[in-house]
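Structure file input.txt; described as compact mmCIF, C-alpha atoms.
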```txt
# COMPACT_ATOMS: atom_id res chain seq x y z
CA MET A 292 75.74 87.44 123.99
CA ILE A 293 75.19 86.11 120.51
CA GLY A 294 76.35 82.66 119.41
CA THR A 295 78.66 81.92 116.50
CA LYS A 296 76.05 81.14 113.85
CA ARG A 297 73.95 84.15 114.74
CA PHE A 298 76.99 86.43 114.65
CA PHE A 299 77.95 85.37 111.16
CA TRP A 300 74.35 85.79 109.95
CA ILE A 301 74.62 89.37 111.23
CA LEU A 302 77.88 89.84 109.35
CA LEU A 303 76.27 88.52 106.19
CA MET A 304 73.31 90.87 106.56
CA VAL A 305 75.59 93.86 107.12
CA SER A 306 77.81 92.86 104.19
CA LEU A 307 74.85 92.44 101.84
CA ALA A 308 73.55 95.82 102.94
CA GLY A 309 76.79 97.37 101.73
CA CYS A 310 77.84 98.42 105.22
CA VAL A 311 75.80 101.59 104.86
CA ASP A 312 75.09 103.99 107.69
CA LYS A 313 71.83 102.16 108.51
CA SER A 314 73.97 99.46 110.15
CA ARG A 315 74.41 101.89 113.01
CA ASP A 316 70.76 101.35 113.95
CA LEU A 317 70.56 97.68 112.96
CA ILE A 318 73.41 96.23 114.99
CA PRO A 319 72.45 97.31 118.56
CA SER A 320 69.01 95.70 118.34
CA LEU A 321 70.43 92.45 117.00
CA LEU A 322 73.08 92.30 119.71
CA ALA A 323 70.62 93.18 122.46
CA ASN A 324 67.88 90.69 121.55
CA ASP A 325 69.79 87.50 120.89
CA ASP A 326 67.83 84.47 122.11
CA ASN A 327 70.99 82.57 122.99
CA SER A 328 72.59 85.29 125.11
CA SER A 329 72.38 83.17 128.24
CA ASN A 330 74.07 80.14 126.63
CA SER A 331 77.71 81.18 126.71
CA GLU A 332 79.89 79.19 124.31
CA GLU A 333 83.34 79.70 122.85
CA THR A 334 83.28 80.76 119.20
CA ASN A 335 85.59 79.64 116.41
CA ASP A 336 87.80 82.62 117.22
CA GLY A 337 88.29 81.43 120.77
CA VAL A 338 85.94 84.10 122.07
CA ASN A 339 84.07 83.55 125.29
CA ASP A 340 80.63 85.06 124.80
CA ASP A 341 80.09 85.60 128.54
CA SER A 342 79.61 89.36 128.80
CA THR A 343 77.78 91.60 131.24
CA SER A 344 78.35 94.89 129.41
CA THR A 345 75.41 97.29 129.28
CA GLU A 346 74.66 100.19 126.99
CA ASP A 347 75.90 102.58 129.69
CA ASP A 348 79.19 100.65 129.84
CA VAL A 349 79.65 101.20 126.10
CA VAL A 350 79.10 104.96 126.48
CA ILE A 351 81.63 105.12 129.31
CA ASP A 352 84.10 103.01 127.35
CA ARG A 353 83.78 105.27 124.31
CA ASN A 354 84.40 108.39 126.35
CA ALA A 355 87.41 106.76 127.99
CA ILE A 356 88.78 105.66 124.62
CA MET A 357 88.40 109.14 123.13
CA THR A 358 89.99 110.87 126.13
CA ASN A 359 92.88 108.43 126.19
CA LEU A 360 93.55 108.74 122.47
CA VAL A 361 93.35 112.54 122.46
CA ASP A 362 95.66 112.96 125.45
CA ASN A 363 98.13 110.15 124.87
CA VAL A 364 98.23 109.69 121.09
CA PHE A 365 96.74 112.54 119.05
CA ILE A 366 98.04 115.62 120.85
CA PRO A 367 101.51 114.12 121.49
CA ASN A 368 101.77 113.13 117.81
CA TYR A 369 100.79 116.60 116.65
CA LYS A 370 103.27 118.10 119.10
CA SER A 371 106.06 115.86 117.85
CA THR A 372 105.30 116.74 114.22
CA ALA A 373 105.17 120.44 115.03
CA GLU A 374 108.48 120.38 116.87
CA SER A 375 110.22 118.25 114.27
CA SER A 376 109.02 120.38 111.37
CA ALA A 377 109.99 123.61 113.14
CA SER A 378 113.49 122.22 113.72
CA PHE A 379 113.75 121.07 110.11
CA ALA A 380 112.72 124.50 108.81
CA SER A 381 114.93 126.46 111.20
CA ASN A 382 117.71 128.67 109.88
CA ALA A 383 119.95 126.80 112.29
CA GLY A 384 118.67 123.36 111.25
CA VAL A 385 120.27 120.61 109.19
CA LEU A 386 118.40 121.57 106.01
CA ALA A 387 119.74 125.12 106.15
CA GLY A 388 123.14 123.64 106.93
CA TYR A 389 123.01 121.59 103.77
CA CYS A 390 122.00 124.61 101.69
CA THR A 391 125.04 126.59 102.85
CA ALA A 392 127.36 123.60 102.36
CA ILE A 393 126.49 123.05 98.67
CA GLY A 394 129.62 123.34 96.57
CA THR A 395 131.93 122.65 99.52
CA ALA A 396 133.68 119.52 100.80
CA GLU A 397 130.94 119.18 103.44
CA GLU A 398 128.07 119.01 100.95
CA ALA A 399 127.62 115.21 100.85
CA GLY A 400 127.68 114.82 104.63
CA LYS A 401 125.32 117.75 105.21
CA LYS A 402 122.92 116.46 102.56
CA ALA A 403 122.84 113.03 104.25
CA LEU A 404 121.97 114.71 107.55
CA ALA A 405 119.16 116.67 105.90
CA GLN A 406 117.78 113.52 104.29
CA THR A 407 117.88 111.68 107.61
CA ALA A 408 116.00 114.54 109.25
CA TRP A 409 113.42 114.47 106.43
CA HIS A 410 112.90 110.74 107.07
CA TYR A 411 112.41 111.41 110.79
CA LEU A 412 109.87 114.14 110.07
CA MET A 413 108.08 111.95 107.52
CA ASP A 414 107.71 109.24 110.18
CA ARG A 415 106.01 111.77 112.46
CA VAL A 416 103.74 112.87 109.61
CA GLN A 417 102.81 109.28 108.73
CA GLN A 418 101.73 108.78 112.34
CA THR A 419 99.31 111.70 112.17
CA GLU A 420 97.91 110.49 108.84
CA ILE A 421 96.14 107.66 110.72
CA HIS A 422 94.20 110.13 112.87
CA ILE A 423 93.17 113.01 110.63
CA VAL A 424 90.65 114.44 113.09
CA GLY A 425 89.81 117.77 114.68
CA PRO A 426 91.71 120.76 113.26
CA ALA A 427 93.51 118.48 110.79
CA LEU A 428 90.15 117.52 109.24
CA ARG A 429 88.62 120.99 109.06
CA ASN A 430 88.06 122.66 105.70
CA ASP A 431 88.52 119.40 103.82
CA GLY A 432 91.79 118.75 105.63
CA ALA A 433 93.38 122.01 104.47
CA LEU A 434 96.11 122.10 107.13
CA GLN A 435 96.93 118.39 106.91
CA SER A 436 97.10 118.67 103.13
CA ARG A 437 99.70 121.41 103.40
CA ILE A 438 101.85 118.99 105.36
CA HIS A 439 101.49 115.92 103.15
CA PRO A 440 99.05 116.34 100.26
CA TYR A 441 99.28 112.67 99.33
CA THR A 442 95.51 112.19 99.43
CA THR A 443 94.89 115.13 97.06
CA GLY A 444 96.65 113.76 93.97
CA ASN A 445 100.02 113.27 92.33
CA LEU A 446 103.00 115.57 92.81
CA ALA A 447 103.23 118.21 90.06
CA LYS A 448 106.96 117.88 89.40
CA CYS A 449 107.14 120.39 86.57
CA ALA A 450 105.30 122.98 88.67
CA VAL A 451 107.76 122.38 91.53
CA ASP A 452 110.63 122.97 89.10
CA GLN A 453 109.00 126.23 88.04
CA SER A 454 108.63 127.24 91.69
CA VAL A 455 112.37 126.71 92.14
CA ILE A 456 113.06 129.20 89.36
CA GLN A 457 110.38 131.69 90.43
CA LEU A 458 111.69 131.76 93.99
CA ASN A 459 115.15 132.58 92.68
CA GLU A 460 113.88 135.31 90.35
CA SER A 461 111.19 136.97 92.47
CA THR A 462 111.27 138.83 95.77
CA ASP A 463 107.59 138.22 96.54
CA PHE A 464 107.33 134.47 95.86
CA SER A 465 105.01 132.73 98.33
CA VAL A 466 104.71 128.99 98.85
CA ALA A 467 101.23 129.58 100.27
CA SER A 468 100.07 130.70 96.81
CA ARG A 469 101.07 127.42 95.18
CA ALA A 470 98.69 124.51 94.68
CA LEU A 471 98.80 121.68 97.20
CA ASN A 472 100.28 119.27 94.65
CA GLN A 473 103.42 121.44 94.66
CA ARG A 474 103.93 121.54 98.41
CA GLY A 475 104.49 119.45 101.50
CA MET A 476 106.64 116.45 102.26
CA ARG A 477 106.58 114.99 98.74
CA ALA A 478 107.75 118.21 97.11
CA MET A 479 110.59 118.37 99.63
CA GLU A 480 111.41 114.74 98.90
CA TYR A 481 111.63 115.51 95.18
CA LEU A 482 114.01 118.39 95.84
CA LEU A 483 116.24 116.55 98.35
CA PHE A 484 116.37 112.98 97.04
CA ASN A 485 116.02 113.27 93.26
CA ASP A 486 119.54 112.91 91.87
CA ASN A 487 118.43 113.94 88.39
CA MET A 488 119.06 117.67 88.42
CA ARG A 489 117.35 118.27 85.07
CA HIS A 490 113.85 119.77 85.17
CA SER A 491 110.78 117.58 84.64
CA CYS A 492 108.95 119.89 82.22
CA SER A 493 108.36 119.43 78.51
CA ASN A 494 110.27 121.54 76.01
CA GLY A 495 107.32 123.88 75.60
CA VAL A 496 107.52 125.30 79.13
CA ALA A 497 109.26 128.67 78.78
CA LYS A 498 109.91 129.11 82.51
CA THR A 499 112.41 126.25 82.62
CA ASP A 500 114.37 127.30 79.52
CA GLY A 501 118.02 127.52 80.45
CA TRP A 502 117.66 125.61 83.74
CA ASN A 503 119.57 122.58 82.50
CA ASP A 504 122.44 124.85 81.46
CA LEU A 505 123.11 126.00 85.03
CA THR A 506 125.94 124.36 86.95
CA LEU A 507 125.04 121.50 89.29
CA PRO A 508 125.82 123.58 92.42
CA GLU A 509 123.63 126.42 91.14
CA ARG A 510 120.72 124.09 90.59
CA ALA A 511 121.24 122.36 93.93
CA ILE A 512 121.29 125.69 95.80
CA GLN A 513 118.09 126.88 94.13
CA ARG A 514 116.34 123.59 94.88
CA CYS A 515 117.47 123.72 98.48
CA LYS A 516 116.13 127.25 98.88
CA LEU A 517 112.67 126.08 97.84
CA ALA A 518 112.94 123.06 100.14
CA LEU A 519 113.49 125.49 103.02
CA GLU A 520 110.42 127.50 102.04
CA LEU A 521 108.34 124.32 101.82
CA ALA A 522 109.65 123.20 105.21
CA GLY A 523 108.50 126.49 106.69
CA ASP A 524 105.03 125.97 105.25
CA VAL A 525 104.88 122.44 106.72
CA ALA A 526 106.04 123.80 110.08
CA TYR A 527 103.33 126.46 110.03
CA ALA A 528 100.56 123.96 109.25
CA SER A 529 101.84 121.45 111.82
CA GLY A 530 102.13 124.11 114.49
CA SER A 531 98.65 125.40 113.72
CA ILE A 532 97.08 121.97 114.19
CA HIS A 533 98.85 121.42 117.50
CA ASP A 534 98.13 124.94 118.75
CA GLU A 535 94.40 124.53 118.15
CA TRP A 536 94.33 121.47 120.38
CA ILE A 537 96.11 123.15 123.29
CA ALA A 538 95.26 126.87 122.96
CA ASP A 539 93.11 128.75 125.49
CA ASP A 540 93.49 126.15 128.23
CA ALA A 541 92.70 123.39 125.75
CA GLN A 542 89.24 124.73 124.91
CA TYR A 543 89.17 122.81 121.62
CA ARG A 544 90.12 119.59 123.41
CA THR A 545 87.26 120.16 125.86
CA GLU A 546 84.78 120.73 123.05
CA PHE A 547 86.00 117.69 121.13
CA LEU A 548 85.46 115.45 124.17
CA SER A 549 82.23 117.05 125.35
CA GLU A 550 79.14 114.87 125.72
CA SER A 551 77.27 116.82 123.04
CA ASN A 552 80.01 116.13 120.49
CA ARG A 553 80.95 112.64 121.65
CA SER A 554 78.96 110.64 119.11
CA ASP A 555 80.08 112.65 116.06
CA ASN A 556 83.71 112.77 117.15
CA PHE A 557 83.85 109.08 118.03
CA GLN A 558 82.67 108.48 114.49
CA GLN A 559 85.33 110.91 113.26
CA ILE A 560 88.02 108.85 114.98
CA THR A 561 86.78 105.52 113.60
CA ASP A 562 86.45 107.06 110.11
CA ALA A 563 90.06 108.20 110.37
CA LEU A 564 91.22 104.63 111.03
CA PHE A 565 90.03 103.72 107.55
CA TYR A 566 93.03 105.60 106.17
CA ILE A 567 94.70 102.19 106.39
CA GLU A 568 92.11 100.88 103.92
CA SER A 569 91.86 103.75 101.44
CA TYR A 570 95.49 104.82 101.38
CA THR A 571 97.87 102.46 103.20
CA LYS A 572 96.52 99.30 101.58
CA SER A 573 94.99 100.63 98.36
CA GLY A 574 96.80 103.87 97.52
CA LYS A 575 100.28 102.90 98.64
CA LEU A 576 100.31 99.25 97.53
CA ALA A 577 97.35 97.77 95.64
CA ILE A 578 96.98 100.58 93.10
CA PRO A 579 100.69 100.94 92.18
CA LEU A 580 100.93 97.13 92.00
CA GLY A 581 98.03 96.96 89.54
CA LEU A 582 95.89 95.03 92.03
CA ASP A 583 93.21 97.71 92.07
CA PRO A 584 91.05 98.83 89.10
CA LYS A 585 92.17 102.40 89.73
CA CYS A 586 95.42 101.41 88.02
CA SER A 587 94.72 101.20 84.28
CA GLY A 588 98.00 99.49 83.38
CA MET A 589 99.81 96.35 84.40
CA THR A 590 101.33 98.44 87.19
CA CYS A 591 101.30 102.16 88.06
CA PRO A 592 104.80 103.10 89.29
CA ASP A 593 104.02 106.81 88.95
CA LEU A 594 101.58 106.44 91.87
CA VAL A 595 104.21 105.26 94.39
CA GLU A 596 104.06 107.54 97.43
CA SER A 597 107.78 108.11 98.14
CA PRO A 598 109.78 106.97 95.10
CA TYR A 599 112.84 109.23 95.44
CA SER A 600 113.59 108.45 99.08
CA GLU A 601 112.52 104.80 98.56
CA SER A 602 110.64 105.00 101.85
CA SER A 603 107.23 103.82 100.60
CA LEU A 604 107.32 100.60 102.64
CA ARG A 605 108.63 102.51 105.64
CA ASN A 606 105.51 104.71 105.39
CA VAL A 607 103.28 101.64 105.31
CA LYS A 608 105.04 100.28 108.38
CA VAL A 609 104.57 103.50 110.35
CA ASN A 610 100.89 103.66 109.31
CA THR A 611 100.34 100.11 110.50
CA GLN A 612 102.22 100.66 113.76
CA GLU A 613 100.11 103.72 114.49
CA PHE A 614 96.89 101.96 113.51
CA LEU A 615 97.74 99.23 116.02
CA ARG A 616 98.69 101.80 118.65
CA ILE A 617 95.34 103.56 118.28
CA PHE A 618 93.47 100.25 118.21
CA ASN A 619 95.19 99.27 121.48
CA GLY A 620 94.73 102.74 123.00
CA ASP A 621 98.53 102.95 123.39
CA SER A 622 98.98 101.77 127.00
CA GLY A 623 95.46 102.78 128.03
CA VAL A 624 91.90 101.86 127.11
CA GLY A 625 91.35 101.26 123.41
CA PHE A 626 89.13 99.66 120.80
CA ASP A 627 90.58 96.28 121.75
CA ASP A 628 89.05 96.69 125.20
CA LEU A 629 85.70 97.78 123.77
CA ILE A 630 85.60 94.76 121.45
CA ALA A 631 86.72 92.34 124.17
CA ASP A 632 84.16 93.73 126.62
CA ALA A 633 81.48 93.07 124.00
CA GLY A 634 82.49 89.41 124.08
CA PHE A 635 84.71 89.27 120.99
CA ALA A 636 88.24 89.13 122.34
CA GLY A 637 89.20 86.82 119.47
CA ILE A 638 88.45 89.57 116.95
CA ALA A 639 90.52 92.07 118.92
CA ASN A 640 93.43 89.64 119.07
CA ARG A 641 93.15 88.97 115.35
CA PHE A 642 93.65 92.67 114.57
CA LYS A 643 96.78 92.63 116.71
CA THR A 644 98.17 89.50 115.09
CA GLN A 645 97.42 90.70 111.57
CA SER A 646 99.03 94.10 112.22
CA ALA A 647 102.12 92.40 113.63
CA ASP A 648 102.28 90.20 110.52
CA VAL A 649 102.35 93.30 108.29
CA ILE A 650 105.06 94.97 110.35
CA ASN A 651 107.18 91.81 110.44
CA LYS A 652 106.78 91.31 106.69
CA ILE A 653 108.03 94.82 105.96
CA GLU A 654 111.05 94.29 108.18
CA GLU A 655 111.90 91.19 106.12
CA ILE A 656 111.64 92.92 102.73
CA GLN A 657 115.02 93.99 101.37
CA THR A 658 113.91 95.48 98.03
CA SER A 659 112.10 98.78 97.57
CA LEU A 660 108.56 98.95 96.26
CA SER A 661 109.73 100.70 93.09
CA ASP A 662 112.34 98.02 92.38
CA GLN A 663 109.82 95.21 92.81
CA LEU A 664 107.32 97.04 90.60
CA ALA A 665 109.95 97.12 87.87
CA THR A 666 110.08 93.31 87.86
CA ILE A 667 106.36 93.01 87.02
CA SER A 668 106.73 93.29 83.25
CA SER A 669 104.74 90.37 81.86
CA SER A 670 101.52 88.47 82.45
CA ASN A 671 103.49 85.84 84.38
CA GLU A 672 104.64 88.32 87.04
CA GLU A 673 101.21 89.95 87.01
CA THR A 674 99.61 86.58 87.81
CA GLU A 675 102.25 85.90 90.45
CA CYS A 676 101.39 89.21 92.14
CA VAL A 677 97.66 88.46 92.14
CA ASN A 678 98.29 85.02 93.62
CA ALA A 679 100.65 86.44 96.24
CA GLN A 680 98.00 88.90 97.37
CA ALA A 681 95.34 86.18 97.52
CA ASN A 682 97.66 83.84 99.47
CA PRO A 683 99.84 86.23 101.47
CA ASP A 684 101.08 83.59 103.92
CA ASP A 685 102.76 81.65 101.09
CA GLU A 686 106.28 82.50 100.00
CA SER A 687 106.59 84.71 96.92
CA VAL A 688 109.42 86.55 95.23
CA LEU A 689 107.00 89.48 94.95
CA SER A 690 106.91 90.13 98.67
CA VAL A 691 105.18 93.50 98.27
CA CYS A 692 102.20 91.71 96.70
CA SER A 693 102.08 89.38 99.70
CA LEU A 694 102.25 92.48 101.90
CA ALA A 695 99.19 93.91 100.13
CA GLY A 696 97.37 90.68 100.95
CA LEU A 697 98.36 90.84 104.62
CA LEU A 698 97.04 94.40 104.80
CA LYS A 699 93.83 93.28 103.12
CA LYS A 700 93.23 90.87 106.01
CA ILE A 701 93.18 93.86 108.37
CA THR A 702 90.98 96.01 106.18
CA ASP A 703 88.50 93.20 105.48
CA ASP A 704 88.02 92.75 109.23
CA LEU A 705 87.83 96.52 109.65
CA LYS A 706 85.00 96.80 107.13
CA ILE A 707 82.94 93.98 108.68
CA GLU A 708 83.87 92.80 112.17
CA PHE A 709 85.08 96.15 113.50
CA VAL A 710 82.11 98.23 112.34
CA THR A 711 79.70 95.52 113.49
CA VAL A 712 80.97 95.13 117.03
CA VAL A 713 81.93 98.78 117.61
CA ASN A 714 78.61 99.81 116.01
CA VAL A 715 79.79 102.40 113.50
CA PRO A 716 79.16 102.67 109.75
CA VAL A 717 81.84 102.28 107.13
CA PRO A 718 82.93 105.73 105.85
CA GLY A 719 81.34 106.74 102.57
CA ARG A 720 84.66 106.84 100.72
CA VAL A 721 85.18 103.13 101.50
CA GLN A 722 81.68 101.76 100.80
CA SER A 723 82.21 101.57 97.03
CA ASP A 724 85.56 99.80 97.39
CA ASN A 725 85.11 96.10 96.66
CA ASP A 726 88.82 95.28 96.90
```

Turn the structure described in the file into structure tokens.
Amino acid sequence: MIGTKRFFWILLMVSLAGCVDKSRDLIPSLLANDDNSSNSEETNDGVNDDSTSTEDDVVIDRNAIMTNLVDNVFIPNYKSTAESSASFASNAGVLAGYCTAIGTAEEAGKKALAQTAWHYLMDRVQQTEIHIVGPALRNDGALQSRIHPYTTGNLAKCAVDQSVIQLNESTDFSVASRALNQRGMRAMEYLLFNDNMRHSCSNGVAKTDGWNDLTLPERAIQRCKLALELAGDVAYASGSIHDEWIADDAQYRTEFLSESNRSDNFQQITDALFYIESYTKSGKLAIPLGLDPKCSGMTCPDLVESPYSESSLRNVKVNTQEFLRIFNGDSGVGFDDLIADAGFAGIANRFKTQSADVINKIEEIQTSLSDQLATISSSNEETECVNAQANPDDESVLSVCSLAGLLKKITDDLKIEFVTVVNVPVPGRVQSDND
């Protein structure tokens, strides 16, 4: 097994190469031909380099990891999302109960129940976001995007408002005909949590003329009707993903785990883990906070994932919990075992510690992401946020900036140590990200 200095030279070479796909061929030869492999020493990470793993062991480990994750994480998660969304969309569910209670003394209580159920469903969805593989990835993620089109762009609020009116006026309105940025969990959030009952369109949009003149109960009922239609669309997409995994005596599962598809699908799984880099760390925190060049202003509050329900940090927590669960293989064999078997248990333990730090930090934060963003209004707070991200272990009043820094520790290791030891390339969408 390689010694400390040699290992870090490898990391430097991979980093300078931009972590391109060629690293897939480079790393095995470097690991296999280390001159110091017989001189086992403990590295700075507390790793004992004594390892007897062979190439065949790695193949077996990868197959075991994939099988464990498919059977004990992926399929159960898709099942839970399908069942939760079907219940939420049901005519006998809490959302329908809220719709019928609007204008009555039970309205507030029924609405609270519907919002709680939305939160529960969103947690299930956020779990599946960390493993967008198989049917959820097909056709550019068409089914997953119907559930939560967060990765496809901002919510089109004015278009959602127009859909509310069109559904009320037309007998042949179809949610399936609407663009993705008008559907899914975020559109439902807008309809269920936004207390401003006025439409979001400019004065030049004829479709919304007269909407603001309707009574509050009339507007609430029409919004709730669209929320039910959107819930049905989410339930259909969720059910379709789950059904593909288990249909025909699990034929798709068998194909996914087959030896001929093992290499590509193992790569698909590791690519999916980088959601925590592209979206959890960058999209949900760094970009809204102005810590990423993709934000052109001091901050970008319009890019917060769940502003109306104020559950943005909750989403980050669920993403991180699921990332750690997949990394650990739940209670079975996982990437932590693969990395430890390669002689780098210290790296595996660091992922676990860093993930726990993120989760613990979120549990300590008492202020929503949107509220903290509102306090960054001058160059002083902007500098404070940058410093908090760079030194996330130090105390800062801008705790969400520190949180972004704690997540960056995970993603930095993911882009270098993880891909090096596991022997996979960094996904193309991440290679150009220097954050």

Within 10 Å of (112.0, 101.7, 98.8), only C-alpha atoms: residues as a PDB file with C-alpha atoms, keeping the file's coordinate frame?
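Output contents, as saved in result.pdb:
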```pdb
ATOM      1  CA  VAL A 595     104.210 105.260  94.390  1.00  0.00           C
ATOM      2  CA  GLU A 596     104.060 107.540  97.430  1.00  0.00           C
ATOM      3  CA  SER A 597     107.780 108.110  98.140  1.00  0.00           C
ATOM      4  CA  PRO A 598     109.780 106.970  95.100  1.00  0.00           C
ATOM      5  CA  TYR A 599     112.840 109.230  95.440  1.00  0.00           C
ATOM      6  CA  SER A 600     113.590 108.450  99.080  1.00  0.00           C
ATOM      7  CA  GLU A 601     112.520 104.800  98.560  1.00  0.00           C
ATOM      8  CA  SER A 602     110.640 105.000 101.850  1.00  0.00           C
ATOM      9  CA  SER A 603     107.230 103.820 100.600  1.00  0.00           C
ATOM     10  CA  LEU A 604     107.320 100.600 102.640  1.00  0.00           C
ATOM     11  CA  ARG A 605     108.630 102.510 105.640  1.00  0.00           C
ATOM     12  CA  ASN A 606     105.510 104.710 105.390  1.00  0.00           C
ATOM     13  CA  ILE A 656     111.640  92.920 102.730  1.00  0.00           C
ATOM     14  CA  GLN A 657     115.020  93.990 101.370  1.00  0.00           C
ATOM     15  CA  THR A 658     113.910  95.480  98.030  1.00  0.00           C
ATOM     16  CA  SER A 659     112.100  98.780  97.570  1.00  0.00           C
ATOM     17  CA  LEU A 660     108.560  98.950  96.260  1.00  0.00           C
ATOM     18  CA  SER A 661     109.730 100.700  93.090  1.00  0.00           C
ATOM     19  CA  ASP A 662     112.340  98.020  92.380  1.00  0.00           C
ATOM     20  CA  GLN A 663     109.820  95.210  92.810  1.00  0.00           C
TER      21      GLN A 663
END
```

Asp593 (chain A) environment, 12 Å, all atoms listed in the file, sequence neighbours closer than 3 positions dropped, as number ranges by chain:
A: 444-448, 574-575, 578-581, 586-588, 590, 596-599, 660-661, 664-665

Expected file contents, prior selection, C-alpha atoms, as an mmCIF file, in the frame of the given file:
```
data_model
loop_
_atom_site.group_PDB
_atom_site.id
_atom_site.type_symbol
_atom_site.label_atom_id
_atom_site.label_comp_id
_atom_site.auth_asym_id
_atom_site.auth_seq_id
_atom_site.Cartn_x
_atom_site.Cartn_y
_atom_site.Cartn_z
ATOM 1 C CA GLY A 444 96.650 113.760 93.970
ATOM 2 C CA ASN A 445 100.020 113.270 92.330
ATOM 3 C CA LEU A 446 103.000 115.570 92.810
ATOM 4 C CA ALA A 447 103.230 118.210 90.060
ATOM 5 C CA LYS A 448 106.960 117.880 89.400
ATOM 6 C CA GLY A 574 96.800 103.870 97.520
ATOM 7 C CA LYS A 575 100.280 102.900 98.640
ATOM 8 C CA ILE A 578 96.980 100.580 93.100
ATOM 9 C CA PRO A 579 100.690 100.940 92.180
ATOM 10 C CA LEU A 580 100.930 97.130 92.000
ATOM 11 C CA GLY A 581 98.030 96.960 89.540
ATOM 12 C CA CYS A 586 95.420 101.410 88.020
ATOM 13 C CA SER A 587 94.720 101.200 84.280
ATOM 14 C CA GLY A 588 98.000 99.490 83.380
ATOM 15 C CA THR A 590 101.330 98.440 87.190
ATOM 16 C CA GLU A 596 104.060 107.540 97.430
ATOM 17 C CA SER A 597 107.780 108.110 98.140
ATOM 18 C CA PRO A 598 109.780 106.970 95.100
ATOM 19 C CA TYR A 599 112.840 109.230 95.440
ATOM 20 C CA LEU A 660 108.560 98.950 96.260
ATOM 21 C CA SER A 661 109.730 100.700 93.090
ATOM 22 C CA LEU A 664 107.320 97.040 90.600
ATOM 23 C CA ALA A 665 109.950 97.120 87.870
#
```

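Note that CA of Arg437 (chain A) and CA of Gly425 (chain A) are 15.4 Å apart.
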
Atom pair CA of Val624 (chain A) / CA of Ala355 (chain A): separation (Å):
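Atom-to-atom, CA of Val624 (chain A) to CA of Ala355 (chain A), that is 6.7 Å.
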
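CA of His439 (chain A) is found 5.3 Å from CA of Met476 (chain A).
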